[in-house]
Amino acid sequence: MLPTHVTLVEVGPRDGLQNEAAPVSTAQKIELIHRLQAAGCREIEATSFVSPKWVPQMADGAAVMAGIERQAGVRYSVLTPNMKGLEAALATRPDEVVVFGAASEAFSQKNINCSIEESIERFRPVVAAAHEAGVKVRAAISCALGCPYQGEVSPDEVERVAVLMKAIGVDHCGVADTIGVGTPRRARAALERALKHFPLHEVSGHFHDTYGQALANILACLEMGVHVFDTSIAGLGGCPYAKGATGNVATEDVVFMLRGMGIETGIDLDALVDAGGYISGVLGRAPVSRAGKALLAKRGQAA
Ligand code: HMG
Ligand code: MG
């Protein structure tokens with residue numbers, strides 16, 4: 001049973017830009033968010049409240065949040081790894097915050113400088129304070145399908161973290177293939193474990209496309225009824241602490257596939273392609289999105 005409607009969480013302004021070495025200006029980040037919401041994106045991961053020493057590109061998170069002209073019906077989320085991040089984030093009135101842990105010990109240490117267990121203890125007060133402020137909390141479980149330092153990661157390890165996240169009260173569980181090594185059966189096996197502890201509408205897939213498997217993984221998850229996915233405009237993305245991790249699955253590619261399948265996203269593909277063209281221009285390169293490139297080329301031929 002395929003869903004008739006899919007919610008895409010646009011993570012380009014955060015996951016997409018965090019790995020960019022050259023600074024992208026605050027105004028350009030805000031312009032990207034404006035273009036994404038004009039294209040119909042209703043869930044936008046806008047920025048992170050992390051250490052600027054660890055991720056310099058996200059140092060202007062508060063300014064980005066302050067500069068967005070918020071559109072009714074659009075929800076803005078931000079990453080908050082600890083109380084310091086949450087306090088700074090809450091001042092900017094996000095609709096949702098994201099705590100990000102990992103199914104692999106080695107990656108947890110590299111990315112957030114603590115063990116999985118320590119991370120859960122850091123997240124506990126973050127979840128409580130976010131809820132007290134009326135803000136929803138999403139959890140991301142990184143390296144759910146493989147780890148750049150540890151190699152194989154089993155569904156048991158994913159479930160262990162899902163259970164810990166559930167116990168501290170997170171509302172939503174995102175299962176993330178940080179380095180894009182997952183294939184459809186493995187993607188399903190990981191999401192099935194999250195679904196044992198969270199309802200269907202509170203489980204999502206976050207697939208980096210490093211090995212070209214992301215669309216196949218999304219299709220496999222759609223066939224399970226999963227209908228929330230993170231995607232990134234122009235296929236931008238990568239984690240600075242995951243060696244070899246390249247972009248997320250491109251929003252344009254996912255919208256093209258879903259549209260072809262008759263599944264609604266509420267997103268206007270042409271406007272999305274424009275947004276992808278805009279940010280790719282800012283970064284000085286062609287969009288990684290296959291659909292984005294093809295549609296831009298077709299426009300060029302028509303002109
Ligand atoms: P730490 O060094 O262990 O933290 O870092 P600390 O509490 O010891 O503090 C050290 C310094 O950082 C202090 O400053 C703090 O004030 C400051 P100093 O006294 O040295 O000047 N600090 C902060 N500053 C701003 N905002 C904060 C904050 N916290 C501490 N929130 C920490 C721990 C988590 C902060 C650090 O490891 C960090 O920032 N990591 C960021 C990792 C990150 O952003 N990774 C990318 C996002 S995750 C991702 O991409 C995966 C995902 O897409 C899913 C997937 O694909 O897998 C979500
Ligand atoms: Mg990611």
# chains A, B, ... in the order shown; residues from 1 in each chain; ligands from 1

$ select_by_dssp --residues "segment 23-151 of chain A" --states "strand (DSSP E or B)" --output "list of chain:residue names"
A:Glu43, A:Ile44, A:Glu45, A:Ala46, A:Thr47, A:Ser48, A:Arg75, A:Tyr76, A:Ser77, A:Val78, A:Leu79, A:Glu96, A:Val97, A:Val98, A:Val99, A:Phe100, A:Gly101, A:Ala102, A:Lys136, A:Val137, A:Arg138, A:Ala139, A:Ala140, A:Ile141, A:Ser142, A:Cys147, A:Gly151

$ residues_near_ligand --ligand "ligand 2" --cutoff "7 Å" --atoms "only C-alpha atoms and all ligand atoms" --output "PyMOL selection string"
chain A and resi 15+176+178+206+208+237-239+248

$ write_last_selection --atoms "C-alpha atoms" --output "PDB file, in the first residue's frame"
ATOM      1  CA  ASP A  15      22.559  19.456   5.988  1.00  0.00           C
ATOM      2  CA  ALA A 176      19.636   8.216   8.758  1.00  0.00           C
ATOM      3  CA  THR A 178      24.761   9.138   6.824  1.00  0.00           C
ATOM      4  CA  HIS A 206      17.110  10.323   5.699  1.00  0.00           C
ATOM      5  CA  HIS A 208      22.434  10.277   1.642  1.00  0.00           C
ATOM      6  CA  GLY A 237      24.786  17.770   1.874  1.00  0.00           C
ATOM      7  CA  GLY A 238      27.180  15.727   3.876  1.00  0.00           C
ATOM      8  CA  CYS A 239      28.398  15.590   7.402  1.00  0.00           C
ATOM      9  CA  ASN A 248      21.504  13.854   0.529  1.00  0.00           C
TER      10      ASN A 248
END

$ residues_near_ligand --ligand "ligand 1" --cutoff "8 Å" --atoms "only C-alpha atoms and all ligand atoms" --output "JSON, numbers by chain"
{"A": [15, 18, 48, 49, 50, 51, 52, 53, 54, 55, 59, 79, 80, 81, 82, 83, 84, 85, 86, 88, 98, 100, 102, 110, 111, 112, 113, 114, 140, 141, 142, 143, 144, 175, 176, 177, 178, 179, 206, 207, 208, 238, 239, 240, 241, 248]}

$ residues_around --residues "segment 291-295 of chain A" --least-positions-apart "5" --cutoff "6 Å" --atoms "only C-alpha atoms" --output "PDB file with all heavy atoms, in the first residue's frame"
ATOM      1  N   GLU A 252      14.598  17.533  -5.800  1.00  0.00           N
ATOM      2  CA  GLU A 252      14.035  17.527  -7.161  1.00  0.00           C
ATOM      3  C   GLU A 252      13.823  16.094  -7.654  1.00  0.00           C
ATOM      4  O   GLU A 252      12.800  15.796  -8.278  1.00  0.00           O
ATOM      5  CB  GLU A 252      14.995  18.240  -8.139  1.00  0.00           C
ATOM      6  CG  GLU A 252      15.272  19.705  -7.837  1.00  0.00           C
ATOM      7  CD  GLU A 252      16.533  19.887  -6.980  1.00  0.00           C
ATOM      8  OE1 GLU A 252      16.670  19.188  -5.950  1.00  0.00           O
ATOM      9  OE2 GLU A 252      17.368  20.738  -7.332  1.00  0.00           O
ATOM     10  N   ASP A 253      14.794  15.198  -7.383  1.00  0.00           N
ATOM     11  CA  ASP A 253      14.680  13.813  -7.856  1.00  0.00           C
ATOM     12  C   ASP A 253      13.515  13.099  -7.175  1.00  0.00           C
ATOM     13  O   ASP A 253      12.780  12.336  -7.802  1.00  0.00           O
ATOM     14  CB  ASP A 253      15.986  13.041  -7.579  1.00  0.00           C
ATOM     15  CG  ASP A 253      17.157  13.576  -8.402  1.00  0.00           C
ATOM     16  OD1 ASP A 253      16.954  14.505  -9.205  1.00  0.00           O
ATOM     17  OD2 ASP A 253      18.274  13.066  -8.225  1.00  0.00           O
ATOM     18  N   VAL A 273      13.198  23.497  -8.942  1.00  0.00           N
ATOM     19  CA  VAL A 273      14.370  23.475  -9.827  1.00  0.00           C
ATOM     20  C   VAL A 273      15.038  24.860  -9.837  1.00  0.00           C
ATOM     21  O   VAL A 273      16.271  24.977  -9.818  1.00  0.00           O
ATOM     22  CB  VAL A 273      13.964  23.000 -11.243  1.00  0.00           C
ATOM     23  CG1 VAL A 273      15.066  23.266 -12.260  1.00  0.00           C
ATOM     24  CG2 VAL A 273      13.602  21.520 -11.216  1.00  0.00           C
TER      25      VAL A 273
END

$ residues_around --residues "segment 28-43 of chain A" --least-positions-apart "5" --cutoff "7 Å" --atoms "only C-alpha atoms" --output "VMD selection string"
chain A and resid 8 to 10 13 64 67 to 68 73 to 76 266 to 268 271 to 272 275 279

$ residues_around --residues "His172 of chain A" --least-positions-apart "4" --cutoff "9 Å" --atoms "only C-alpha atoms" --output "list in words"
Lys136, Val137, Arg138, Ala139, Ala140, Met165, Lys166, Phe198, Pro199, His201, Glu202, Val203 and Ser204 of chain A

$ write_last_selection --atoms "N, CA, C and O atoms" --output "compact mmCIF listing (two decimals), in the first residue's frame"
# COMPACT_ATOMS: atom_id res chain seq x y z
N LYS A 136 8.11 20.68 19.31
CA LYS A 136 8.23 19.25 18.99
C LYS A 136 9.71 18.85 18.88
O LYS A 136 10.54 19.68 18.50
N VAL A 137 10.00 17.59 19.19
CA VAL A 137 11.39 17.13 19.11
C VAL A 137 11.50 15.92 18.17
O VAL A 137 10.81 14.92 18.33
N ARG A 138 12.40 16.06 17.22
CA ARG A 138 12.70 14.98 16.31
C ARG A 138 14.07 14.43 16.70
O ARG A 138 14.96 15.18 17.10
N ALA A 139 14.22 13.12 16.60
CA ALA A 139 15.54 12.53 16.82
C ALA A 139 16.06 12.04 15.48
O ALA A 139 15.30 11.54 14.65
N ALA A 140 17.35 12.22 15.27
CA ALA A 140 17.99 11.60 14.10
C ALA A 140 18.93 10.52 14.64
O ALA A 140 19.65 10.74 15.61
N MET A 165 15.83 6.85 22.66
CA MET A 165 15.23 8.13 22.25
C MET A 165 13.77 8.18 22.71
O MET A 165 13.29 9.21 23.20
N LYS A 166 13.08 7.07 22.52
CA LYS A 166 11.66 7.00 22.94
C LYS A 166 11.56 7.24 24.45
O LYS A 166 10.69 7.96 24.93
N PHE A 198 7.71 3.71 17.39
CA PHE A 198 7.10 5.00 17.01
C PHE A 198 6.00 4.74 16.00
O PHE A 198 6.13 3.82 15.17
N PRO A 199 4.93 5.56 16.01
CA PRO A 199 3.87 5.36 15.01
C PRO A 199 4.37 5.70 13.60
O PRO A 199 5.35 6.44 13.44
N HIS A 201 3.51 7.70 11.26
CA HIS A 201 3.69 9.09 10.83
C HIS A 201 4.83 9.78 11.58
O HIS A 201 5.17 10.91 11.27
N GLU A 202 5.42 9.10 12.57
CA GLU A 202 6.55 9.69 13.30
C GLU A 202 7.86 8.96 13.03
O GLU A 202 8.79 8.98 13.85
N VAL A 203 7.93 8.30 11.90
CA VAL A 203 9.19 7.66 11.49
C VAL A 203 9.53 8.18 10.10
O VAL A 203 8.66 8.27 9.23
N SER A 204 10.79 8.55 9.91
CA SER A 204 11.18 9.07 8.59
C SER A 204 12.52 8.48 8.16
O SER A 204 13.29 7.97 8.99

$ closest_residue --among "A:Arg93, A:Leu296, A:Val226, A:Ala46" --to "Tyr278 of chain A" --atoms "only C-alpha atoms"
A:Leu296

$ closest_residue --among "A:Gly101, A:Gly61, A:Gly284, A:Gly12" --to "Ala162 of chain A" --atoms "only C-alpha atoms"
A:Gly101

$ closest_residue --among "A:Ala220, A:Ala106, A:Ile120, A:Val127" --to "Cys147 of chain A" --atoms "only C-alpha atoms"
A:Ala106

$ residues_around --residues "Gly182 of chain A" --least-positions-apart "4" --cutoff "9 Å" --atoms "only C-alpha atoms" --output "ChimeraX atom specification"
/A:144-146,177,186-187,207,211,213-214,217

$ decode --residues "segment 88-181 of chain A" --atoms "C-alpha atoms" --output "compact mmCIF listing (two decimals), in the first residue's frame"
# COMPACT_ATOMS: atom_id res chain seq x y z
CA ALA A 88 19.90 29.67 21.71
CA ALA A 89 17.42 27.92 19.43
CA LEU A 90 14.33 28.62 21.54
CA ALA A 91 15.08 32.34 21.42
CA THR A 92 14.54 32.11 17.65
CA ARG A 93 11.11 30.40 17.90
CA PRO A 94 11.60 27.17 15.95
CA ASP A 95 8.62 24.87 15.40
CA GLU A 96 10.73 21.82 15.98
CA VAL A 97 14.18 20.93 17.26
CA VAL A 98 16.34 17.96 16.33
CA VAL A 99 18.55 15.97 18.66
CA PHE A 100 21.02 13.88 16.74
CA GLY A 101 22.51 10.68 18.03
CA ALA A 102 24.06 7.71 16.30
CA ALA A 103 23.70 3.96 16.09
CA SER A 104 27.49 3.72 16.07
CA GLU A 105 29.70 4.55 19.06
CA ALA A 106 32.60 5.65 16.89
CA PHE A 107 30.48 8.13 14.97
CA SER A 108 28.87 9.49 18.13
CA GLN A 109 32.35 10.31 19.43
CA LYS A 110 33.46 11.94 16.18
CA ASN A 111 30.30 13.95 15.59
CA ILE A 112 29.21 15.09 19.03
CA ASN A 113 32.22 14.20 21.16
CA CYS A 114 30.50 11.75 23.51
CA SER A 115 29.28 8.15 23.73
CA ILE A 116 25.76 7.12 22.73
CA GLU A 117 24.77 6.82 26.39
CA GLU A 118 26.22 10.23 27.24
CA SER A 119 24.41 11.73 24.26
CA ILE A 120 21.08 10.44 25.54
CA GLU A 121 21.78 12.03 28.94
CA ARG A 122 22.54 15.34 27.15
CA PHE A 123 19.37 15.07 25.10
CA ARG A 124 17.10 14.28 28.06
CA PRO A 125 16.89 17.88 29.39
CA VAL A 126 16.79 19.20 25.81
CA VAL A 127 13.66 17.17 25.09
CA ALA A 128 12.03 18.18 28.39
CA ALA A 129 12.77 21.89 27.93
CA ALA A 130 11.65 21.86 24.29
CA HIS A 131 8.37 20.24 25.29
CA GLU A 132 7.91 22.74 28.09
CA ALA A 133 8.25 25.47 25.45
CA GLY A 134 5.68 23.68 23.27
CA VAL A 135 8.24 22.65 20.67
CA LYS A 136 8.23 19.25 18.99
CA VAL A 137 11.39 17.13 19.11
CA ARG A 138 12.70 14.98 16.31
CA ALA A 139 15.54 12.53 16.82
CA ALA A 140 17.99 11.60 14.10
CA ILE A 141 19.80 8.28 14.35
CA SER A 142 22.94 8.62 12.25
CA CYS A 143 24.89 5.75 10.73
CA ALA A 144 21.83 3.51 10.91
CA LEU A 145 22.93 1.58 7.82
CA GLY A 146 26.69 1.79 8.14
CA CYS A 147 29.45 3.79 9.80
CA PRO A 148 32.57 5.28 8.22
CA TYR A 149 34.64 4.29 11.25
CA GLN A 150 32.97 1.12 12.48
CA GLY A 151 31.66 -0.44 9.24
CA GLU A 152 28.53 -2.57 9.55
CA VAL A 153 25.73 -1.39 11.82
CA SER A 154 22.98 -3.88 12.65
CA PRO A 155 19.24 -3.23 12.99
CA ASP A 156 19.65 -4.20 16.67
CA GLU A 157 21.91 -1.19 17.16
CA VAL A 158 19.35 1.07 15.48
CA GLU A 159 16.57 -0.28 17.66
CA ARG A 160 18.65 0.19 20.79
CA VAL A 161 18.97 3.92 20.09
CA ALA A 162 15.32 4.21 19.02
CA VAL A 163 14.32 2.76 22.39
CA LEU A 164 16.61 5.18 24.24
CA MET A 165 15.23 8.13 22.25
CA LYS A 166 11.66 7.00 22.94
CA ALA A 167 12.44 6.71 26.67
CA ILE A 168 13.52 10.35 26.88
CA GLY A 169 10.33 11.40 25.10
CA VAL A 170 11.29 12.42 21.56
CA ASP A 171 8.26 12.67 19.31
CA HIS A 172 9.73 11.50 16.03
CA CYS A 173 12.44 9.08 14.96
CA GLY A 174 14.46 9.75 11.82
CA VAL A 175 16.59 6.89 10.58
CA ALA A 176 19.64 8.22 8.76
CA ASP A 177 21.99 6.62 6.27
CA THR A 178 24.76 9.14 6.82
CA ILE A 179 27.19 7.65 4.30
CA GLY A 180 24.67 6.33 1.79
CA VAL A 181 25.74 2.69 1.90
